[in-house]
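Participant: Before I ask anything, here is the structure I am working with.
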Amino acid sequence: MTNPKYILGYLCFIFLPLLTFSQNTQIDSLKSEVNQQSGPQQTASLLELAEAYKQVSADSVLFYAQKAKRQAEETQDTLAQIRAYRQFSWARGIMQQDMPQLEKDATAGLELARAIQNQRQIALIYLDLSRAYMGVQQGGKAEDYSTQALTFDQQAQDHEIMHDAYANLSYIYLLKDLKRAYTFRFEALQQAKILNDSLDIALDLMQLGAIHKWQKQDSASYFFRASKDIFSQIDNPFSEAVLYYYMAEYYGDLGYTDTLLSYGLKAYDLGTKTHNQLALRGANTLLFNYYFNRLDYEEAAPYARSSLALEQKKPTINYGAALMEIGQLQAAMGET
């Protein structure tokens, strides 16, 4: 069974914008607009450009947000300044570096938001902070900031903020209280339904299934199937790869090895195409064990090598397990 600690370390990037797919056309168009504009219009386009670069480069997000901030200060556009500070926080959070500066930027943004009494922006800044601290696995701070986001959203009543804050809290509680993790995720699902957001509904159902899986409850299959039905209607192979990994693991735990193989291969395929490291790591382990236990070492080998390659590129707590798989394979094949 997968350790929820392993999951928490990686699932935060499911609800953060992904750095995997480029948006070159949109970026080129925005760059052209910026060059033809001035004043508030140019500031707005710079912020849109920073937002678009979330799909490509965190450094570029910082660069264009800094340009937008300087212009917003000149025109005394407080809301644009707040948005720029939020882009700073996102970039530093996704890069998981310079947390003291991230706090300074967030504090500056909060001061501006309080000055104009914008409860929604205050809530969003606390939500940004929560995500950033989840990324560096500081659950205590992440929990505090998610709670603050919910508190300030009571007036704004923004269902998207509510959804994301509840989702954050659910991830945090995976480590210490699965019942509360389920409650928070269920609350997130209700907000997603109000918003009629198919992707968030699919992700929430998937996570409810995962929680039930860790609790060894048969109802996990209901949530997984419901999530799968939605993913079949939308185009999000990155997150769908994680669902297939969860389903492969779930049915494998139940002894349905053919189903494990089917979903494991789907997780591996989509994980490879979308560079989803969570899905790839999980699928590699499941497929390696599947073939190794059948003494099919030639089929097991690519998955062991894939696991090690991922760990060498970006080491995690699973590095030792990846080395062990290689060792098992070499011993079984009589290699040294």
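Labels for the structure tokens follow display order: chains A, B, ..., residues from 1 in each chain, ligands from 1.
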List as a PyMOL selection string the protein and nucleic acid residues near range 28-31 of chain A, meaning an atom at most 10 Å away when only C-alpha atoms are counted, but skip any in the same chain fewer than 6 places from it.
Facilitator: chain A and resi 42+45-50+52
Participant: Write a file of the selected residues as a short mmCIF file (atom, residue, chain, number, x, y, z; two decimals), in the first residue's frame, keeping N, CA, C and O atoms.
Facilitator:
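Contents of result00.cif, as written:
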data_model
loop_
_atom_site.label_atom_id
_atom_site.label_comp_id
_atom_site.auth_asym_id
_atom_site.auth_seq_id
_atom_site.Cartn_x
_atom_site.Cartn_y
_atom_site.Cartn_z
N GLN A 42 -0.99 48.06 -20.67
CA GLN A 42 0.25 47.30 -20.74
C GLN A 42 0.50 46.54 -19.45
O GLN A 42 0.95 45.38 -19.47
N SER A 45 -1.59 43.45 -19.50
CA SER A 45 -1.05 42.45 -20.43
C SER A 45 0.20 41.79 -19.85
O SER A 45 0.43 40.59 -20.06
N LEU A 46 1.01 42.55 -19.14
CA LEU A 46 2.20 41.98 -18.49
C LEU A 46 1.80 40.94 -17.45
O LEU A 46 2.43 39.88 -17.33
N LEU A 47 0.74 41.24 -16.72
CA LEU A 47 0.26 40.27 -15.72
C LEU A 47 -0.32 39.03 -16.40
O LEU A 47 -0.13 37.91 -15.92
N GLU A 48 -1.01 39.22 -17.52
CA GLU A 48 -1.51 38.07 -18.28
C GLU A 48 -0.35 37.25 -18.83
O GLU A 48 -0.42 36.02 -18.88
N LEU A 49 0.71 37.93 -19.23
CA LEU A 49 1.88 37.24 -19.74
C LEU A 49 2.55 36.43 -18.64
O LEU A 49 2.96 35.27 -18.86
N ALA A 50 2.64 37.00 -17.46
CA ALA A 50 3.19 36.26 -16.32
C ALA A 50 2.34 35.03 -16.04
O ALA A 50 2.86 33.93 -15.79
N ALA A 52 0.47 33.39 -18.20
CA ALA A 52 0.67 32.42 -19.28
C ALA A 52 1.98 31.66 -19.11
O ALA A 52 2.07 30.47 -19.44
#
Participant: Write out as an mmCIF file with N, CA, C and O atoms, in the first residue's frame which residues come within 9 Å of Asn318 in chain A when counting only C-alpha atoms, dropping same-chain ones fewer than 3 positions away.
Facilitator:
data_model
loop_
_atom_site.group_PDB
_atom_site.id
_atom_site.type_symbol
_atom_site.label_atom_id
_atom_site.label_comp_id
_atom_site.auth_asym_id
_atom_site.auth_seq_id
_atom_site.Cartn_x
_atom_site.Cartn_y
_atom_site.Cartn_z
ATOM 1 N N TYR A 6 4.204 9.683 0.911
ATOM 2 C CA TYR A 6 4.720 9.688 -0.463
ATOM 3 C C TYR A 6 3.794 10.501 -1.364
ATOM 4 O O TYR A 6 4.240 11.302 -2.178
ATOM 5 N N ARG A 281 6.315 7.035 -11.252
ATOM 6 C CA ARG A 281 6.948 6.325 -10.135
ATOM 7 C C ARG A 281 6.056 5.186 -9.645
ATOM 8 O O ARG A 281 6.511 4.074 -9.409
ATOM 9 N N SER A 307 12.426 3.748 -12.992
ATOM 10 C CA SER A 307 12.362 4.237 -11.609
ATOM 11 C C SER A 307 13.685 4.868 -11.193
ATOM 12 O O SER A 307 13.720 5.959 -10.614
ATOM 13 N N GLU A 311 14.673 8.828 -10.155
ATOM 14 C CA GLU A 311 15.283 9.171 -8.867
ATOM 15 C C GLU A 311 16.634 9.871 -9.052
ATOM 16 O O GLU A 311 16.997 10.753 -8.274
ATOM 17 N N PRO A 315 15.900 13.164 -6.916
ATOM 18 C CA PRO A 315 15.829 12.186 -5.825
ATOM 19 C C PRO A 315 14.668 12.443 -4.860
ATOM 20 O O PRO A 315 14.330 13.584 -4.562
ATOM 21 N N ALA A 321 14.484 2.434 -2.712
ATOM 22 C CA ALA A 321 13.632 1.379 -3.280
ATOM 23 C C ALA A 321 13.979 1.137 -4.750
ATOM 24 O O ALA A 321 13.992 -0.005 -5.212
ATOM 25 N N ALA A 322 14.288 2.230 -5.481
ATOM 26 C CA ALA A 322 14.654 2.089 -6.891
ATOM 27 C C ALA A 322 15.965 1.319 -7.035
ATOM 28 O O ALA A 322 16.099 0.453 -7.906
ATOM 29 N N LEU A 323 16.932 1.610 -6.168
ATOM 30 C CA LEU A 323 18.199 0.877 -6.189
ATOM 31 C C LEU A 323 17.990 -0.594 -5.846
ATOM 32 O O LEU A 323 18.613 -1.486 -6.430
#
Participant: Tell me, in Å to one decimal, how far CA of Lys313 in chain A is from CA of Asp235 in chain A.
Facilitator: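 These atoms are spaced 28.0 Å apart.
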Participant: What's around Ala44 in chain A at 10 Å? Count only C-alpha atoms, leave out sequence neighbours fewer than 5 positions away in its own chain, and write the answer as a list of chain:residue names.
Facilitator: A:Val34, A:Gln37, A:Ser38, A:Gly39, A:Leu49, A:Ala50, A:Ala68, A:Gln71, A:Ala72, A:Ala80, A:Arg83
Participant: How close does each residue of range 174-219 of chain A get to range 246-252 of chain A, giving the shortest atom pair and distance in Å to one decimal for every residue with an atom at most 10 Å away, counting only C-alpha atoms, sorted by chain and residue number, as a tab-separated table?
Facilitator:
residue	atom	partner	partner_atom	distance
A:Met206	CA	A:Tyr246	CA	8.3
A:Gln207	CA	A:Tyr246	CA	9.3
A:Gly209	CA	A:Tyr246	CA	8.4
A:Ala210	CA	A:Tyr246	CA	6.7
A:His212	CA	A:Tyr250	CA	9.8
A:Lys213	CA	A:Tyr250	CA	6.4
A:Trp214	CA	A:Tyr250	CA	8.9
A:Lys216	CA	A:Tyr250	CA	8.9
A:Asp218	CA	A:Tyr250	CA	9.6
Participant: Counting only C-alpha atoms, what are the residues of range 111-147 of chain A within 12 Å of range 173-180 of chain A, and for each of them which pair of atoms is the nearest and at what distance in Å, to one decimal? Sort the table by chain and rising number, as CSV.
Facilitator:
residue,atom,partner,partner_atom,distance
A:Met134,CA,A:Tyr173,CA,11.5
A:Gln137,CA,A:Leu175,CA,10.9
A:Gln138,CA,A:Leu175,CA,11.7
A:Gly139,CA,A:Tyr173,CA,8.6
A:Gly140,CA,A:Tyr173,CA,10.2
A:Ala142,CA,A:Tyr173,CA,10.8
A:Glu143,CA,A:Tyr173,CA,8.9
Participant: Give me, please, the distance in Å between CA of Gln233 in chain A and CA of Thr259 in chain A, quoted to one decimal.
Facilitator: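 According to the coordinates, CA of Gln233 in chain A and CA of Thr259 in chain A are separated by 21.8 Å.
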Participant: Tell me, in Å to one decimal, how far CA of Ile234 in chain A is from CA of Leu199 in chain A.
Facilitator: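 Straight-line distance from CA of Ile234 in chain A to CA of Leu199 in chain A works out to 7.5 Å.
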Participant: Find the residues around Phe292 in chain A up to 12 Å (only C-alpha atoms counted), leave out those fewer than 4 positions away in its own chain, and share them as a list in words.
Facilitator: Asn284, Thr285, Leu286, Leu287, Phe288, Asp296, Tyr297, Glu298, Glu299, Ala300, Ala301, Pro302, Tyr303, Ala304, Glu325, Ile326, Gln328, Leu329, Gln330, Ala331, Ala332 and Met333 of chain A
Participant: Could you pull out the alpha helix (DSSP H) residues of range 113-151 of chain A from DSSP and send them as JSON, numbers by chain?
Facilitator: {"A": [113, 114, 115, 119, 120, 121, 122, 123, 124, 125, 126, 127, 128, 129, 130, 131, 132, 133, 134, 135, 139, 140, 141, 142, 143, 144, 145, 146, 147, 148, 149, 150, 151]}
Participant: Suppose we keep N, CA and C atoms; can you now write the selection as a short mmCIF file (atom, residue, chain, number, x, y, z; two decimals), in the first residue's frame?
Facilitator:
data_model
loop_
_atom_site.label_atom_id
_atom_site.label_comp_id
_atom_site.auth_asym_id
_atom_site.auth_seq_id
_atom_site.Cartn_x
_atom_site.Cartn_y
_atom_site.Cartn_z
N ALA A 113 -3.93 44.77 0.09
CA ALA A 113 -5.30 44.25 0.05
C ALA A 113 -6.12 44.73 1.24
N ARG A 114 -5.49 44.81 2.39
CA ARG A 114 -6.19 45.31 3.57
C ARG A 114 -6.51 46.80 3.42
N ALA A 115 -5.59 47.53 2.79
CA ALA A 115 -5.79 48.97 2.61
C ALA A 115 -7.03 49.26 1.77
N GLN A 119 -11.36 41.55 0.65
CA GLN A 119 -11.31 40.27 1.36
C GLN A 119 -10.93 39.11 0.44
N ARG A 120 -11.37 39.20 -0.80
CA ARG A 120 -11.08 38.11 -1.74
C ARG A 120 -9.58 38.02 -1.99
N GLN A 121 -8.92 39.15 -2.23
CA GLN A 121 -7.48 39.12 -2.47
C GLN A 121 -6.72 38.65 -1.23
N ILE A 122 -7.18 39.04 -0.07
CA ILE A 122 -6.55 38.56 1.17
C ILE A 122 -6.63 37.04 1.24
N ALA A 123 -7.82 36.51 0.96
CA ALA A 123 -8.01 35.06 0.99
C ALA A 123 -7.12 34.37 -0.04
N LEU A 124 -7.01 34.96 -1.23
CA LEU A 124 -6.18 34.37 -2.28
C LEU A 124 -4.70 34.36 -1.90
N ILE A 125 -4.23 35.41 -1.23
CA ILE A 125 -2.83 35.46 -0.81
C ILE A 125 -2.56 34.37 0.23
N TYR A 126 -3.48 34.20 1.17
CA TYR A 126 -3.30 33.12 2.15
C TYR A 126 -3.33 31.75 1.47
N LEU A 127 -4.15 31.62 0.44
CA LEU A 127 -4.20 30.36 -0.31
C LEU A 127 -2.87 30.11 -1.02
N ASP A 128 -2.29 31.17 -1.60
CA ASP A 128 -0.97 31.06 -2.23
C ASP A 128 0.07 30.58 -1.23
N LEU A 129 0.05 31.16 -0.04
CA LEU A 129 1.01 30.78 1.00
C LEU A 129 0.84 29.33 1.39
N SER A 130 -0.41 28.90 1.50
CA SER A 130 -0.68 27.51 1.86
C SER A 130 -0.09 26.56 0.83
N ARG A 131 -0.30 26.86 -0.43
CA ARG A 131 0.23 26.00 -1.49
C ARG A 131 1.75 25.96 -1.46
N ALA A 132 2.35 27.13 -1.25
CA ALA A 132 3.81 27.20 -1.24
C ALA A 132 4.39 26.34 -0.12
N TYR A 133 3.78 26.40 1.06
CA TYR A 133 4.31 25.62 2.18
C TYR A 133 3.98 24.14 2.08
N MET A 134 2.91 23.81 1.34
CA MET A 134 2.69 22.40 1.04
C MET A 134 3.81 21.88 0.16
N GLY A 135 4.27 22.72 -0.78
CA GLY A 135 5.33 22.31 -1.68
C GLY A 135 6.62 21.97 -0.98
N GLY A 139 3.55 21.25 6.74
CA GLY A 139 2.10 21.10 6.88
C GLY A 139 1.47 22.03 7.88
N GLY A 140 2.18 22.35 8.96
CA GLY A 140 1.61 23.23 9.97
C GLY A 140 1.31 24.60 9.42
N LYS A 141 2.28 25.20 8.74
CA LYS A 141 2.05 26.51 8.14
C LYS A 141 1.01 26.44 7.05
N ALA A 142 1.07 25.39 6.25
CA ALA A 142 0.09 25.24 5.16
C ALA A 142 -1.32 25.16 5.72
N GLU A 143 -1.50 24.44 6.82
CA GLU A 143 -2.83 24.34 7.43
C GLU A 143 -3.30 25.69 7.95
N ASP A 144 -2.41 26.42 8.63
CA ASP A 144 -2.78 27.73 9.16
C ASP A 144 -3.23 28.68 8.05
N TYR A 145 -2.47 28.68 6.96
CA TYR A 145 -2.79 29.61 5.87
C TYR A 145 -4.07 29.20 5.14
N SER A 146 -4.32 27.90 5.01
CA SER A 146 -5.58 27.46 4.39
C SER A 146 -6.77 27.87 5.23
N THR A 147 -6.63 27.75 6.55
CA THR A 147 -7.70 28.16 7.46
C THR A 147 -7.94 29.66 7.37
N GLN A 148 -6.84 30.43 7.27
CA GLN A 148 -6.98 31.87 7.11
C GLN A 148 -7.70 32.21 5.81
N ALA A 149 -7.39 31.48 4.76
CA ALA A 149 -8.06 31.72 3.47
C ALA A 149 -9.56 31.51 3.60
N LEU A 150 -9.96 30.45 4.28
CA LEU A 150 -11.39 30.19 4.48
C LEU A 150 -12.04 31.29 5.32
N THR A 151 -11.32 31.75 6.34
CA THR A 151 -11.86 32.78 7.22
C THR A 151 -12.14 34.07 6.45
#
Participant: Let me make sure I understand: among A:Gln312, A:Gly255, A:Asp158, A:Tyr263, which one has the smallest atom-to-atom distance to Phe224 in chain A if we use only C-alpha atoms?
Facilitator: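 Using only C-alpha atoms, Phe224 in chain A sits closest to A:Tyr263.
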Participant: Within 9 Å of Lys228 in chain A, counting only C-alpha atoms, which residues qualify if same-chain residues fewer than 3 places away don't, as a PyMOL selection string?
Facilitator: chain A and resi 202+206+223-225+231-233+240+243-244
